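The file structure-v4.cif comes next; it holds mmCIF, N, CA and C atoms and all ligand atoms.
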data_start
loop_
_atom_site.label_atom_id
_atom_site.label_comp_id
_atom_site.auth_asym_id
_atom_site.auth_seq_id
_atom_site.Cartn_x
_atom_site.Cartn_y
_atom_site.Cartn_z
N MET B 1217 0.84 -1.20 0.00
CA MET B 1217 0.00 0.00 0.00
C MET B 1217 0.88 1.25 0.00
N THR B 1218 0.63 2.13 -0.94
CA THR B 1218 1.46 3.34 -1.02
C THR B 1218 0.99 4.40 -0.02
N ILE B 1219 1.85 5.38 0.20
CA ILE B 1219 1.51 6.49 1.11
C ILE B 1219 0.24 7.19 0.61
N ASP B 1220 0.17 7.35 -0.71
CA ASP B 1220 -0.97 8.02 -1.32
C ASP B 1220 -2.28 7.31 -0.96
N ARG B 1221 -2.24 5.99 -1.07
CA ARG B 1221 -3.39 5.14 -0.75
C ARG B 1221 -3.81 5.32 0.72
N ILE B 1222 -2.80 5.30 1.59
CA ILE B 1222 -3.06 5.41 3.02
C ILE B 1222 -3.69 6.77 3.35
N ILE B 1223 -3.16 7.82 2.72
CA ILE B 1223 -3.71 9.17 2.96
C ILE B 1223 -5.16 9.24 2.48
N HIS B 1224 -5.42 8.74 1.26
CA HIS B 1224 -6.78 8.78 0.73
C HIS B 1224 -7.74 8.00 1.62
N LEU B 1225 -7.29 6.86 2.12
CA LEU B 1225 -8.13 6.03 2.99
C LEU B 1225 -8.40 6.76 4.31
N THR B 1226 -7.37 7.40 4.84
CA THR B 1226 -7.53 8.14 6.10
C THR B 1226 -8.54 9.28 5.95
N VAL B 1227 -8.43 10.03 4.86
CA VAL B 1227 -9.38 11.13 4.62
C VAL B 1227 -10.79 10.55 4.46
N GLY B 1228 -10.90 9.40 3.81
CA GLY B 1228 -12.19 8.73 3.65
C GLY B 1228 -12.80 8.35 4.98
N ILE B 1229 -11.98 7.84 5.87
CA ILE B 1229 -12.45 7.45 7.21
C ILE B 1229 -12.96 8.69 7.95
N VAL B 1230 -12.24 9.80 7.82
CA VAL B 1230 -12.66 11.05 8.46
C VAL B 1230 -14.03 11.48 7.92
N PHE B 1231 -14.20 11.45 6.59
CA PHE B 1231 -15.48 11.80 5.97
C PHE B 1231 -16.59 10.89 6.50
N PHE B 1232 -16.27 9.59 6.57
CA PHE B 1232 -17.26 8.59 7.00
C PHE B 1232 -17.70 8.86 8.44
N ILE B 1233 -16.74 9.13 9.31
CA ILE B 1233 -17.06 9.38 10.73
C ILE B 1233 -17.89 10.65 10.87
N ILE B 1234 -17.49 11.72 10.16
CA ILE B 1234 -18.24 12.98 10.23
C ILE B 1234 -19.67 12.75 9.76
N PHE B 1235 -19.82 12.00 8.66
CA PHE B 1235 -21.15 11.74 8.12
C PHE B 1235 -22.01 10.98 9.15
N LEU B 1236 -21.43 9.97 9.77
CA LEU B 1236 -22.16 9.17 10.76
C LEU B 1236 -22.59 10.03 11.94
N LYS B 1237 -21.69 10.92 12.37
CA LYS B 1237 -21.99 11.81 13.50
C LYS B 1237 -23.12 12.75 13.14
N LEU B 1238 -22.99 13.43 11.98
CA LEU B 1238 -23.96 14.45 11.59
C LEU B 1238 -25.32 13.85 11.24
N SER B 1239 -25.31 12.65 10.63
CA SER B 1239 -26.58 12.05 10.22
C SER B 1239 -27.18 11.21 11.35
N LYS B 1240 -26.45 11.12 12.45
CA LYS B 1240 -26.92 10.34 13.61
C LYS B 1240 -27.30 8.91 13.20
N SER B 1241 -26.51 8.33 12.31
CA SER B 1241 -26.77 6.97 11.85
C SER B 1241 -26.56 5.98 12.99
N PRO B 1242 -27.46 5.02 13.13
CA PRO B 1242 -27.27 4.02 14.18
C PRO B 1242 -26.05 3.15 13.88
N ILE B 1243 -25.33 2.81 14.92
CA ILE B 1243 -24.14 1.97 14.76
C ILE B 1243 -24.61 0.51 14.68
N ASN B 1244 -24.54 -0.08 13.50
CA ASN B 1244 -24.91 -1.49 13.34
C ASN B 1244 -24.09 -2.13 12.23
N THR B 1245 -24.43 -3.36 11.92
CA THR B 1245 -23.61 -4.14 10.99
C THR B 1245 -23.56 -3.55 9.58
N ARG B 1246 -24.60 -2.79 9.18
CA ARG B 1246 -24.60 -2.25 7.83
C ARG B 1246 -23.46 -1.24 7.64
N LEU B 1247 -22.97 -0.70 8.76
CA LEU B 1247 -21.86 0.24 8.67
C LEU B 1247 -20.58 -0.42 8.17
N ILE B 1248 -20.44 -1.71 8.43
CA ILE B 1248 -19.27 -2.43 7.94
C ILE B 1248 -19.30 -2.46 6.42
N ILE B 1249 -20.49 -2.71 5.87
CA ILE B 1249 -20.66 -2.70 4.41
C ILE B 1249 -20.37 -1.30 3.87
N GLY B 1250 -20.90 -0.30 4.56
CA GLY B 1250 -20.67 1.09 4.16
C GLY B 1250 -19.19 1.45 4.21
N PHE B 1251 -18.52 0.93 5.22
CA PHE B 1251 -17.10 1.21 5.39
C PHE B 1251 -16.29 0.62 4.24
N ILE B 1252 -16.62 -0.61 3.86
CA ILE B 1252 -15.92 -1.26 2.74
C ILE B 1252 -16.17 -0.49 1.44
N ALA B 1253 -17.44 -0.09 1.24
CA ALA B 1253 -17.78 0.69 0.03
C ALA B 1253 -17.03 2.01 0.03
N MET B 1254 -16.90 2.62 1.21
CA MET B 1254 -16.15 3.88 1.34
C MET B 1254 -14.69 3.67 0.94
N ALA B 1255 -14.10 2.57 1.46
CA ALA B 1255 -12.69 2.28 1.16
C ALA B 1255 -12.49 2.11 -0.35
N ILE B 1256 -13.42 1.43 -1.01
CA ILE B 1256 -13.33 1.26 -2.47
C ILE B 1256 -13.48 2.62 -3.16
N GLY B 1257 -14.38 3.43 -2.63
CA GLY B 1257 -14.60 4.77 -3.19
C GLY B 1257 -13.36 5.65 -3.14
N THR B 1258 -12.58 5.50 -2.07
CA THR B 1258 -11.35 6.32 -1.96
C THR B 1258 -10.29 5.86 -2.96
N TRP B 1259 -10.41 4.63 -3.38
CA TRP B 1259 -9.40 4.01 -4.24
C TRP B 1259 -9.74 4.15 -5.72
N MET B 1260 -11.04 4.06 -6.00
CA MET B 1260 -11.53 3.93 -7.37
C MET B 1260 -11.02 4.98 -8.37
N PRO B 1261 -10.95 6.28 -7.99
CA PRO B 1261 -10.50 7.27 -8.99
C PRO B 1261 -9.13 6.95 -9.58
N ASP B 1262 -8.28 6.30 -8.80
CA ASP B 1262 -6.93 6.01 -9.30
C ASP B 1262 -6.89 4.75 -10.18
N TRP B 1263 -8.04 4.16 -10.43
CA TRP B 1263 -8.11 3.03 -11.34
C TRP B 1263 -7.91 3.49 -12.78
N ASP B 1264 -7.88 4.82 -12.99
CA ASP B 1264 -7.60 5.30 -14.35
C ASP B 1264 -6.22 4.79 -14.79
N LEU B 1265 -5.35 4.54 -13.82
CA LEU B 1265 -4.03 3.98 -14.14
C LEU B 1265 -4.14 2.49 -14.46
N LEU B 1266 -4.90 1.78 -13.61
CA LEU B 1266 -5.04 0.32 -13.78
C LEU B 1266 -5.81 -0.02 -15.05
N LEU B 1267 -6.84 0.79 -15.35
CA LEU B 1267 -7.71 0.49 -16.49
C LEU B 1267 -7.07 0.88 -17.81
N GLY B 1268 -5.87 1.46 -17.72
CA GLY B 1268 -5.15 1.78 -18.94
C GLY B 1268 -5.74 2.93 -19.72
N ILE B 1269 -6.40 3.85 -19.01
CA ILE B 1269 -6.91 5.05 -19.69
C ILE B 1269 -5.71 5.86 -20.17
N GLY B 1270 -4.57 5.61 -19.52
CA GLY B 1270 -3.32 6.11 -20.07
C GLY B 1270 -2.77 7.34 -19.40
N PHE B 1271 -3.57 7.99 -18.58
CA PHE B 1271 -3.05 9.16 -17.88
C PHE B 1271 -3.73 9.23 -16.52
N HIS B 1272 -3.12 9.99 -15.64
CA HIS B 1272 -3.67 10.05 -14.30
C HIS B 1272 -4.52 11.30 -14.08
N ARG B 1273 -5.40 11.14 -13.15
CA ARG B 1273 -6.41 12.13 -12.79
C ARG B 1273 -7.31 12.42 -13.99
N SER B 1274 -7.86 11.32 -14.46
CA SER B 1274 -8.84 11.43 -15.54
C SER B 1274 -10.12 12.07 -15.00
N PRO B 1275 -10.74 13.00 -15.76
CA PRO B 1275 -11.99 13.61 -15.29
C PRO B 1275 -13.14 12.60 -15.24
N ILE B 1276 -12.96 11.45 -15.89
CA ILE B 1276 -14.02 10.43 -15.87
C ILE B 1276 -14.06 9.75 -14.50
N THR B 1277 -12.90 9.38 -13.99
CA THR B 1277 -12.87 8.71 -12.68
C THR B 1277 -12.83 9.73 -11.53
N HIS B 1278 -12.33 10.94 -11.81
CA HIS B 1278 -12.28 11.97 -10.76
C HIS B 1278 -13.50 12.88 -10.85
N SER B 1279 -14.68 12.25 -10.81
CA SER B 1279 -15.92 13.01 -10.86
C SER B 1279 -17.01 12.17 -10.20
N ALA B 1280 -18.25 12.65 -10.28
CA ALA B 1280 -19.37 11.93 -9.68
C ALA B 1280 -19.82 10.76 -10.58
N LEU B 1281 -19.28 10.68 -11.79
CA LEU B 1281 -19.70 9.64 -12.75
C LEU B 1281 -19.62 8.20 -12.20
N PRO B 1282 -18.47 7.80 -11.58
CA PRO B 1282 -18.41 6.42 -11.07
C PRO B 1282 -19.54 6.11 -10.09
N ALA B 1283 -19.95 7.11 -9.31
CA ALA B 1283 -21.02 6.92 -8.33
C ALA B 1283 -22.35 6.66 -9.03
N LEU B 1284 -22.50 7.28 -10.20
CA LEU B 1284 -23.72 7.08 -11.00
C LEU B 1284 -23.80 5.61 -11.42
N LEU B 1285 -22.67 5.08 -11.84
CA LEU B 1285 -22.59 3.68 -12.27
C LEU B 1285 -22.83 2.74 -11.09
N VAL B 1286 -22.15 3.00 -9.98
CA VAL B 1286 -22.32 2.17 -8.78
C VAL B 1286 -23.76 2.27 -8.28
N GLY B 1287 -24.30 3.48 -8.29
CA GLY B 1287 -25.68 3.70 -7.85
C GLY B 1287 -26.67 2.90 -8.68
N TRP B 1288 -26.44 2.90 -9.98
CA TRP B 1288 -27.30 2.15 -10.89
C TRP B 1288 -27.21 0.65 -10.60
N LEU B 1289 -25.99 0.16 -10.40
CA LEU B 1289 -25.78 -1.26 -10.08
C LEU B 1289 -26.45 -1.66 -8.76
N VAL B 1290 -26.28 -0.80 -7.76
CA VAL B 1290 -26.87 -1.06 -6.44
C VAL B 1290 -28.39 -1.08 -6.54
N TYR B 1291 -28.92 -0.11 -7.29
CA TYR B 1291 -30.38 -0.01 -7.45
C TYR B 1291 -30.93 -1.21 -8.22
N LYS B 1292 -30.27 -1.56 -9.32
CA LYS B 1292 -30.71 -2.67 -10.16
C LYS B 1292 -30.63 -4.01 -9.43
N SER B 1293 -29.58 -4.19 -8.63
CA SER B 1293 -29.37 -5.46 -7.93
C SER B 1293 -30.07 -5.48 -6.58
N LYS B 1294 -30.79 -4.40 -6.27
CA LYS B 1294 -31.49 -4.27 -5.00
C LYS B 1294 -30.57 -4.52 -3.80
N LEU B 1295 -29.39 -3.95 -3.90
CA LEU B 1295 -28.43 -4.05 -2.79
C LEU B 1295 -28.71 -2.94 -1.78
N GLN B 1296 -28.02 -3.01 -0.68
CA GLN B 1296 -28.28 -2.04 0.39
C GLN B 1296 -27.81 -0.63 0.01
N PRO B 1297 -28.65 0.38 0.26
CA PRO B 1297 -28.30 1.76 -0.07
C PRO B 1297 -27.02 2.24 0.61
N ILE B 1298 -26.68 1.63 1.73
CA ILE B 1298 -25.45 2.05 2.44
C ILE B 1298 -24.23 1.88 1.53
N LEU B 1299 -24.33 0.97 0.57
CA LEU B 1299 -23.23 0.76 -0.38
C LEU B 1299 -22.95 2.03 -1.17
N ILE B 1300 -24.00 2.63 -1.68
CA ILE B 1300 -23.80 3.83 -2.49
C ILE B 1300 -23.45 5.03 -1.62
N ILE B 1301 -24.01 5.05 -0.41
CA ILE B 1301 -23.67 6.14 0.52
C ILE B 1301 -22.18 6.08 0.85
N GLY B 1302 -21.71 4.90 1.22
CA GLY B 1302 -20.28 4.74 1.54
C GLY B 1302 -19.40 5.06 0.35
N PHE B 1303 -19.81 4.58 -0.82
CA PHE B 1303 -19.02 4.83 -2.03
C PHE B 1303 -18.93 6.33 -2.33
N CYS B 1304 -20.07 7.02 -2.23
CA CYS B 1304 -20.10 8.48 -2.48
C CYS B 1304 -19.17 9.22 -1.52
N LEU B 1305 -19.20 8.82 -0.25
CA LEU B 1305 -18.36 9.49 0.75
C LEU B 1305 -16.88 9.25 0.46
N GLY B 1306 -16.55 8.01 0.12
CA GLY B 1306 -15.15 7.69 -0.18
C GLY B 1306 -14.66 8.43 -1.41
N LEU B 1307 -15.48 8.43 -2.45
CA LEU B 1307 -15.12 9.11 -3.70
C LEU B 1307 -14.99 10.62 -3.47
N SER B 1308 -15.95 11.17 -2.71
CA SER B 1308 -15.92 12.60 -2.40
C SER B 1308 -14.65 12.96 -1.64
N SER B 1309 -14.27 12.13 -0.69
CA SER B 1309 -13.07 12.40 0.10
C SER B 1309 -11.82 12.36 -0.78
N HIS B 1310 -11.82 11.47 -1.76
CA HIS B 1310 -10.68 11.38 -2.68
C HIS B 1310 -10.55 12.69 -3.49
N LEU B 1311 -11.67 13.15 -4.02
CA LEU B 1311 -11.66 14.39 -4.82
C LEU B 1311 -11.25 15.57 -3.95
N ALA B 1312 -11.76 15.59 -2.71
CA ALA B 1312 -11.44 16.68 -1.78
C ALA B 1312 -9.94 16.71 -1.50
N TRP B 1313 -9.35 15.54 -1.28
CA TRP B 1313 -7.93 15.51 -1.00
C TRP B 1313 -7.11 15.88 -2.23
N ASP B 1314 -7.59 15.50 -3.40
CA ASP B 1314 -6.88 15.87 -4.63
C ASP B 1314 -6.90 17.38 -4.85
N ILE B 1315 -7.93 18.05 -4.35
CA ILE B 1315 -7.95 19.53 -4.44
C ILE B 1315 -6.80 20.08 -3.61
N VAL B 1316 -6.65 19.54 -2.41
CA VAL B 1316 -5.63 20.02 -1.48
C VAL B 1316 -4.23 19.67 -1.98
N ALA B 1317 -4.04 18.42 -2.40
CA ALA B 1317 -2.69 17.92 -2.66
C ALA B 1317 -2.19 18.16 -4.08
N TYR B 1318 -3.08 18.11 -5.06
CA TYR B 1318 -2.63 18.19 -6.46
C TYR B 1318 -3.38 19.26 -7.26
N GLY B 1319 -4.67 19.03 -7.41
CA GLY B 1319 -5.48 20.03 -8.10
C GLY B 1319 -5.46 19.96 -9.60
N ASN B 1320 -4.72 18.99 -10.15
CA ASN B 1320 -4.66 18.93 -11.61
C ASN B 1320 -5.51 17.78 -12.14
N VAL B 1321 -6.42 18.10 -13.07
CA VAL B 1321 -7.23 17.09 -13.73
C VAL B 1321 -6.96 17.20 -15.22
N GLN B 1322 -6.78 16.07 -15.88
CA GLN B 1322 -6.53 16.07 -17.31
C GLN B 1322 -7.70 16.70 -18.08
N TRP B 1323 -7.41 17.28 -19.19
CA TRP B 1323 -8.37 17.89 -20.11
C TRP B 1323 -8.90 19.24 -19.63
N ILE B 1324 -8.69 19.53 -18.34
CA ILE B 1324 -9.19 20.81 -17.82
C ILE B 1324 -7.98 21.70 -17.59
N SER B 1325 -7.97 22.85 -18.24
CA SER B 1325 -6.80 23.71 -18.12
C SER B 1325 -7.02 24.76 -17.04
N GLY B 1326 -5.92 25.15 -16.44
CA GLY B 1326 -5.98 26.16 -15.38
C GLY B 1326 -6.23 25.52 -14.04
N GLY B 1327 -5.31 25.67 -13.11
CA GLY B 1327 -5.38 25.03 -11.80
C GLY B 1327 -6.69 25.28 -11.07
N ASN B 1328 -7.21 26.52 -11.18
CA ASN B 1328 -8.44 26.82 -10.45
C ASN B 1328 -9.66 26.13 -11.05
N ASN B 1329 -9.67 25.98 -12.37
CA ASN B 1329 -10.79 25.27 -13.01
C ASN B 1329 -10.79 23.81 -12.59
N ASP B 1330 -9.59 23.22 -12.49
CA ASP B 1330 -9.47 21.84 -12.04
C ASP B 1330 -10.04 21.69 -10.63
N ARG B 1331 -9.61 22.61 -9.77
CA ARG B 1331 -10.06 22.54 -8.38
C ARG B 1331 -11.56 22.75 -8.27
N LEU B 1332 -12.09 23.67 -9.08
CA LEU B 1332 -13.54 23.92 -9.07
C LEU B 1332 -14.29 22.67 -9.53
N PHE B 1333 -13.76 22.01 -10.57
CA PHE B 1333 -14.35 20.77 -11.08
C PHE B 1333 -14.38 19.71 -9.97
N LEU B 1334 -13.26 19.54 -9.29
CA LEU B 1334 -13.19 18.54 -8.21
C LEU B 1334 -14.13 18.92 -7.06
N PHE B 1335 -14.17 20.20 -6.74
CA PHE B 1335 -15.01 20.67 -5.62
C PHE B 1335 -16.49 20.44 -5.91
N ILE B 1336 -16.93 20.81 -7.11
CA ILE B 1336 -18.35 20.64 -7.47
C ILE B 1336 -18.73 19.16 -7.42
N ASN B 1337 -17.88 18.32 -7.96
CA ASN B 1337 -18.18 16.88 -7.96
C ASN B 1337 -18.17 16.31 -6.55
N ALA B 1338 -17.22 16.74 -5.72
CA ALA B 1338 -17.17 16.28 -4.33
C ALA B 1338 -18.44 16.69 -3.59
N LEU B 1339 -18.89 17.92 -3.86
CA LEU B 1339 -20.10 18.44 -3.22
C LEU B 1339 -21.33 17.65 -3.66
N ILE B 1340 -21.43 17.37 -4.96
CA ILE B 1340 -22.56 16.59 -5.50
C ILE B 1340 -22.62 15.24 -4.79
N LEU B 1341 -21.46 14.61 -4.63
CA LEU B 1341 -21.40 13.28 -4.01
C LEU B 1341 -21.89 13.31 -2.56
N ILE B 1342 -21.52 14.36 -1.83
CA ILE B 1342 -21.97 14.47 -0.44
C ILE B 1342 -23.48 14.69 -0.39
N ILE B 1343 -23.98 15.54 -1.28
CA ILE B 1343 -25.43 15.79 -1.33
C ILE B 1343 -26.17 14.50 -1.66
N VAL B 1344 -25.65 13.72 -2.62
CA VAL B 1344 -26.27 12.44 -2.98
C VAL B 1344 -26.29 11.50 -1.77
N ALA B 1345 -25.17 11.44 -1.04
CA ALA B 1345 -25.10 10.57 0.15
C ALA B 1345 -26.14 10.99 1.18
N ILE B 1346 -26.30 12.29 1.39
CA ILE B 1346 -27.26 12.79 2.37
C ILE B 1346 -28.69 12.46 1.94
N VAL B 1347 -28.98 12.71 0.66
CA VAL B 1347 -30.34 12.47 0.14
C VAL B 1347 -30.69 10.98 0.22
N ILE B 1348 -29.77 10.10 -0.20
CA ILE B 1348 -30.04 8.66 -0.18
C ILE B 1348 -30.18 8.17 1.26
N ASN B 1349 -29.39 8.75 2.15
CA ASN B 1349 -29.48 8.36 3.56
C ASN B 1349 -30.85 8.72 4.14
N LYS B 1350 -31.40 9.83 3.69
CA LYS B 1350 -32.71 10.26 4.17
C LYS B 1350 -33.84 9.47 3.52
N LYS B 1351 -33.66 9.17 2.23
CA LYS B 1351 -34.71 8.49 1.48
C LYS B 1351 -34.07 7.43 0.59
N PRO B 1352 -33.88 6.22 1.12
CA PRO B 1352 -33.22 5.14 0.37
C PRO B 1352 -33.91 4.86 -0.96
N LEU B 1353 -33.09 4.51 -1.97
CA LEU B 1353 -33.61 4.23 -3.30
C LEU B 1353 -34.37 2.91 -3.34
N THR B 1354 -33.94 1.98 -2.51
CA THR B 1354 -34.58 0.66 -2.54
C THR B 1354 -35.47 0.50 -1.32
N ASN B 1355 -36.18 -0.61 -1.28
CA ASN B 1355 -37.14 -0.83 -0.20
C ASN B 1355 -36.57 -1.63 0.97
N HIS B 1356 -35.25 -1.77 0.97
CA HIS B 1356 -34.65 -2.53 2.07
C HIS B 1356 -34.81 -1.78 3.37
N SER B 1357 -35.22 -2.48 4.39
CA SER B 1357 -35.21 -1.87 5.71
C SER B 1357 -34.17 -2.61 6.54
N THR B 1358 -33.14 -1.86 6.88
CA THR B 1358 -32.06 -2.51 7.62
C THR B 1358 -31.98 -1.94 9.03
ZN ZN B 1401 -6.80 11.09 -7.42
#

Would you write the structure of this file as structure tokens?
Ligand SMILES: [Zn+2]
Amino acid sequence: MTIDRIIHLTVGIVFFIIFLKLSKSPINTRLIIGFIAMAIGTWMPDWDLLLGIGFHRSPITHSALPALLVGWLVYKSKLQPILIIGFCLGLSSHLAWDIVAYGNVQWISGGNNDRLFLFINALILIIVAIVINKKPLTNHST
């Protein structure tokens, strides 16, 4: 595990804890699932390297788009909404840290535009997590 990975995971854990505190989520087993989804969310944007997109900090993986895909999969497979909540928080934390640490996204020119792009997407992800937490997409009662 690289230092970068550890930092992203740590920021994700902070986001997750803050979310649990603010949303007053009950502490139960579904949080373990949420935690795993969060950990994947912190990692996923850097799959642009693994998937051979060919360059790092792709705007496709460093945006709310992956959450749309995961959300669709979770909804279609009738999986627990905590999966998408955790994923959104992890992904959002990754984008937030990239604003602080790097700020450069491919295809977007100008450091401030990159940061604005990351910020807007991070914000969308947090709003999605809050909305889904209040009103789950599926009928699971956990
Ligand atoms: Zn990144």

Subject >> Pairwise distance for CA of Trp1288 in chain B and CA of Met1217 in chain B, rounded to one decimal in Å >> reply: 29.5 Å

With 6 Å of padding per side, what axis-aligned box (centre and edge lengths, Å, one decimal) covers all the listed atoms of range 1301-1316 of chain B? Give it as AutoDock Vina command-line options.
--center_x -14.1 --center_y 12.3 --center_z -1.7 --size_x 31.8 --size_y 27.5 --size_z 18.4

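When CA of Thr1245 in chain B is paired with CA of Ser1279 in chain B, their separation reads 28.8 Å.
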
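Across B:Thr1258, B:Ile1298, B:Asn1349, B:Arg1331, the tightest approach to ligand ZN 1401 (chain B) is made by B:Thr1258 when counting all atoms listed in the file.
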
**OP:** May I ask which of the residues B:Leu1289, B:Ile1343, B:Val1227, B:Leu1307 is the closest one to Trp1259 in chain B, counting only N, CA and C atoms?
**Re:**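 Closest residue, counting only N, CA and C atoms: B:Leu1307.
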
Original post:
So how far away is CA of Val1230 in chain B from CA of Lys1350 in chain B, in Å?
Top reply: 20.5 Å

As an mmCIF file, keeping the file's coordinate frame, please: range 1320-1328 of chain B completed to all heavy atoms.
data_model
loop_
_atom_site.group_PDB
_atom_site.id
_atom_site.type_symbol
_atom_site.label_atom_id
_atom_site.label_comp_id
_atom_site.auth_asym_id
_atom_site.auth_seq_id
_atom_site.Cartn_x
_atom_site.Cartn_y
_atom_site.Cartn_z
ATOM 1 N N ASN B 1320 -4.720 18.990 -10.150
ATOM 2 C CA ASN B 1320 -4.660 18.930 -11.610
ATOM 3 C C ASN B 1320 -5.510 17.780 -12.140
ATOM 4 O O ASN B 1320 -5.373 16.642 -11.727
ATOM 5 C CB ASN B 1320 -3.222 18.752 -12.082
ATOM 6 C CG ASN B 1320 -3.127 18.700 -13.583
ATOM 7 O OD1 ASN B 1320 -3.690 19.549 -14.269
ATOM 8 N ND2 ASN B 1320 -2.450 17.696 -14.111
ATOM 9 N N VAL B 1321 -6.420 18.100 -13.070
ATOM 10 C CA VAL B 1321 -7.230 17.090 -13.730
ATOM 11 C C VAL B 1321 -6.960 17.200 -15.220
ATOM 12 O O VAL B 1321 -6.903 18.309 -15.762
ATOM 13 C CB VAL B 1321 -8.740 17.296 -13.459
ATOM 14 C CG1 VAL B 1321 -9.583 16.249 -14.168
ATOM 15 C CG2 VAL B 1321 -9.017 17.261 -11.956
ATOM 16 N N GLN B 1322 -6.780 16.070 -15.880
ATOM 17 C CA GLN B 1322 -6.530 16.070 -17.310
ATOM 18 C C GLN B 1322 -7.700 16.700 -18.080
ATOM 19 O O GLN B 1322 -8.842 16.622 -17.626
ATOM 20 C CB GLN B 1322 -6.322 14.636 -17.808
ATOM 21 C CG GLN B 1322 -5.107 13.953 -17.224
ATOM 22 C CD GLN B 1322 -3.801 14.575 -17.677
ATOM 23 O OE1 GLN B 1322 -3.701 15.063 -18.785
ATOM 24 N NE2 GLN B 1322 -2.814 14.571 -16.812
ATOM 25 N N TRP B 1323 -7.410 17.280 -19.190
ATOM 26 C CA TRP B 1323 -8.370 17.890 -20.110
ATOM 27 C C TRP B 1323 -8.900 19.240 -19.630
ATOM 28 O O TRP B 1323 -9.535 19.960 -20.370
ATOM 29 C CB TRP B 1323 -9.595 16.986 -20.405
ATOM 30 C CG TRP B 1323 -9.251 15.643 -20.971
ATOM 31 C CD1 TRP B 1323 -8.046 15.249 -21.502
ATOM 32 C CD2 TRP B 1323 -10.101 14.489 -21.058
ATOM 33 N NE1 TRP B 1323 -8.123 13.935 -21.899
ATOM 34 C CE2 TRP B 1323 -9.350 13.445 -21.655
ATOM 35 C CE3 TRP B 1323 -11.428 14.256 -20.705
ATOM 36 C CZ2 TRP B 1323 -9.885 12.181 -21.887
ATOM 37 C CZ3 TRP B 1323 -11.971 13.011 -20.930
ATOM 38 C CH2 TRP B 1323 -11.200 11.974 -21.515
ATOM 39 N N ILE B 1324 -8.690 19.530 -18.340
ATOM 40 C CA ILE B 1324 -9.190 20.810 -17.820
ATOM 41 C C ILE B 1324 -7.980 21.700 -17.590
ATOM 42 O O ILE B 1324 -7.087 21.337 -16.835
ATOM 43 C CB ILE B 1324 -9.985 20.613 -16.514
ATOM 44 C CG1 ILE B 1324 -11.187 19.712 -16.771
ATOM 45 C CG2 ILE B 1324 -10.424 21.958 -15.955
ATOM 46 C CD1 ILE B 1324 -11.902 19.269 -15.511
ATOM 47 N N SER B 1325 -7.970 22.850 -18.240
ATOM 48 C CA SER B 1325 -6.800 23.710 -18.120
ATOM 49 C C SER B 1325 -7.020 24.760 -17.040
ATOM 50 O O SER B 1325 -8.144 25.155 -16.755
ATOM 51 C CB SER B 1325 -6.504 24.382 -19.466
ATOM 52 O OG SER B 1325 -7.643 25.100 -19.892
ATOM 53 N N GLY B 1326 -5.920 25.150 -16.440
ATOM 54 C CA GLY B 1326 -5.980 26.160 -15.380
ATOM 55 C C GLY B 1326 -6.230 25.520 -14.040
ATOM 56 O O GLY B 1326 -7.250 24.850 -13.859
ATOM 57 N N GLY B 1327 -5.310 25.670 -13.110
ATOM 58 C CA GLY B 1327 -5.380 25.030 -11.800
ATOM 59 C C GLY B 1327 -6.690 25.280 -11.070
ATOM 60 O O GLY B 1327 -7.234 24.379 -10.437
ATOM 61 N N ASN B 1328 -7.210 26.520 -11.180
ATOM 62 C CA ASN B 1328 -8.440 26.820 -10.450
ATOM 63 C C ASN B 1328 -9.660 26.130 -11.050
ATOM 64 O O ASN B 1328 -10.559 25.728 -10.319
ATOM 65 C CB ASN B 1328 -8.663 28.327 -10.380
ATOM 66 C CG ASN B 1328 -7.691 28.980 -9.419
ATOM 67 O OD1 ASN B 1328 -7.202 28.335 -8.484
ATOM 68 N ND2 ASN B 1328 -7.385 30.240 -9.653
#
